[in-house]
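Following: one structure in structure tokens, then a few remarks.
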Amino acid sequence: MLPEAKIDALVARVAAIDAQLAEPQDADTLVRLSRERAELAPVQEAVEAWRAARAERDDLASLLDDPDMADLARDEAAQLDRRIEELTEQIQLLLLPKDAADDRGVILEVRAGTGGSEAALFAGDLFRMYHRYADVRGWKVQVLSESEGEAGGYKEIVASIAGKGAFARLKFESGVHRVQRVPATEASGRIHTSAATVAVLPEAEDVDVEIRPEDIRLDTSRASSAGGQHANTTDSAVRLTHIPTGIVVIANEKSQHQNRARAMQVLKARLFDLERQKAADERAEARRGQVGSGDRSERIRTYNFPQGRVTDHRISLTLHKLDQVLAGDALDDVIDPLATDHQATLLAASLEDNAA
């Protein structure tokens, strides 16, 4: 069953927006109304099609008792019933509350976990996968801080990814990623298991997070460098500590001014994510295990090189296209089923709430 009152209110809102758009408006109002109209359009179109199908189905009722038209009417009725069911499911999904952060860019943090140098190399593989995926989608990637591994890859790398819908696509990547492969330095050819953690945080806007100056401790230190003529001779590395939460952010590039701005950008994202997590825990304490929970300690995916497979453990999905996934080309083949499963979970919860 669809919430008729909610649908009526939505249709009335579309009509009100159309009436306002027919009148002269200032630029800001015009942009705001046009954006809202565009967001409501898919629901309105689905509702119109749903109501038209229901009206047509009602019209067929009288023909079902007509001996000459009954067979044809039954066939058409069956088709319309399927159409109505499909539109009902579509509208139910469209009416689900949208994550307000979905359209935002993200702060991506990739850290080597267990496995020493091999874990750092794997962290590098993961970061390149996300970078290539972002490139294909036309998103802009900017490295905010990095700490390279001794044999390559990264002990830790933090980057911003700017692009509409970046968080909606990448939010399912948070968690522990595990790799099973033979390290290049392993003479005996034994398969090793290493891990890296990924955190995907929605980029915070100034209105989202209020940070009082007295809650911040700023420390500077000598930034690491290659030495020689490239040695950094100023205290440019920045360490920001948010005293109330204990969150620490470090930026260690060459410019102290730039490091401070980047560290503040990451700190805002972490504080915003902390508030989002608290709210999510309060709303869905009884709904554990849903995709996209953002649990940083959850082992979410395994990349098995000997078998050329990628397995996402949350939805028991296995793909034998490891190279394509790590290249960023087939990452959507993992993300799309995760997004679908997430929507199904939300829909089930919504139907339970409506029934209650």
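Going through the structure tokens in order, the chains are called A, B, and so on, while each chain numbers its residues from 1 and the ligands are numbered from 1 in the order shown.
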Residue neighbourhood A:Glu205, 12 Å, only C-alpha atoms, exclusion window fewer than 5 positions, as a list in words
Ala101, Arg104, Gly105, Val106, Glu210, Ile211, Met264, Gln265, Val266, Leu267, Lys268, Ala269, Arg270, Leu271, Phe272 and Asp273 of chain A
Please write the residues from the selection above to a file, keeping C-alpha atoms, as a PDB file, in the first residue's frame.
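Heads up, here's the output in part36.pdb:
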ATOM      1  CA  ALA A 101      24.858  13.747   2.243  1.00  0.00           C
ATOM      2  CA  ARG A 104      28.342  15.581  -1.508  1.00  0.00           C
ATOM      3  CA  GLY A 105      31.983  14.947  -2.149  1.00  0.00           C
ATOM      4  CA  VAL A 106      33.946  12.773   0.239  1.00  0.00           C
ATOM      5  CA  GLU A 210      30.774  24.390  14.529  1.00  0.00           C
ATOM      6  CA  ILE A 211      34.352  24.233  15.792  1.00  0.00           C
ATOM      7  CA  MET A 264      40.663  21.526   9.138  1.00  0.00           C
ATOM      8  CA  GLN A 265      38.820  20.122   6.103  1.00  0.00           C
ATOM      9  CA  VAL A 266      39.451  16.550   7.276  1.00  0.00           C
ATOM     10  CA  LEU A 267      38.613  17.400  10.898  1.00  0.00           C
ATOM     11  CA  LYS A 268      35.244  18.879   9.884  1.00  0.00           C
ATOM     12  CA  ALA A 269      34.454  15.755   7.867  1.00  0.00           C
ATOM     13  CA  ARG A 270      35.331  13.475  10.785  1.00  0.00           C
ATOM     14  CA  LEU A 271      33.238  15.480  13.244  1.00  0.00           C
ATOM     15  CA  PHE A 272      30.321  15.582  10.792  1.00  0.00           C
ATOM     16  CA  ASP A 273      30.596  11.828  10.303  1.00  0.00           C
TER      17      ASP A 273
END
Each residue of stretch 23-124 of chain A with at least one atom at most 9 Å from stretch 128-139 of chain A should appear once, together with its nearest atom pair and the corresponding distance in Å (one decimal); atoms considered: only C-alpha atoms; ordering: chain, then increasing residue number; output as a Markdown table.
| residue | atom | partner | partner_atom | distance |
| --- | --- | --- | --- | --- |
| A:Gly105 | CA | A:Trp139 | CA | 8.7 |
| A:Leu108 | CA | A:Tyr130 | CA | 9.0 |
| A:Ala123 | CA | A:Arg128 | CA | 8.7 |
| A:Gly124 | CA | A:Arg128 | CA | 6.2 |
Taking into account only C-alpha atoms, which residue in the set A:Leu33, A:Leu95, A:Val110, A:Val179 is nearest to A:Gly153?
A:Val110
Would you mind writing down, as a PyMOL selection string, each residue of stretch 119-348 of chain A that DSSP on the backbone assigns to alpha helix (DSSP H)?
chain A and resi 119-137+166-170+256-283+322-326+332-348
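Every residue of stretch 246-341 of chain A found in strand (DSSP E) when DSSP is run on the backbone appears here: A:Ile247, A:Val248, A:Val249, A:Ile250, A:Ala251, A:Arg299, A:Ile300, A:Arg301, A:Thr302, A:Tyr303, A:Asn304, A:Arg309, A:Val310, A:Thr311, A:Asp312, A:Leu317, A:Thr318, A:Leu319.
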In Å, with one decimal, what is the gap from atom CA of A:Pro306 to atom CA of A:Asp336?
25.1 Å
Just the residues within 8 Å of stretch 190-193 of chain A, please, counting only C-alpha atoms, with nothing from its chain fewer than 5 positions along; format it as a PyMOL selection string.
chain A and resi 115+178-183
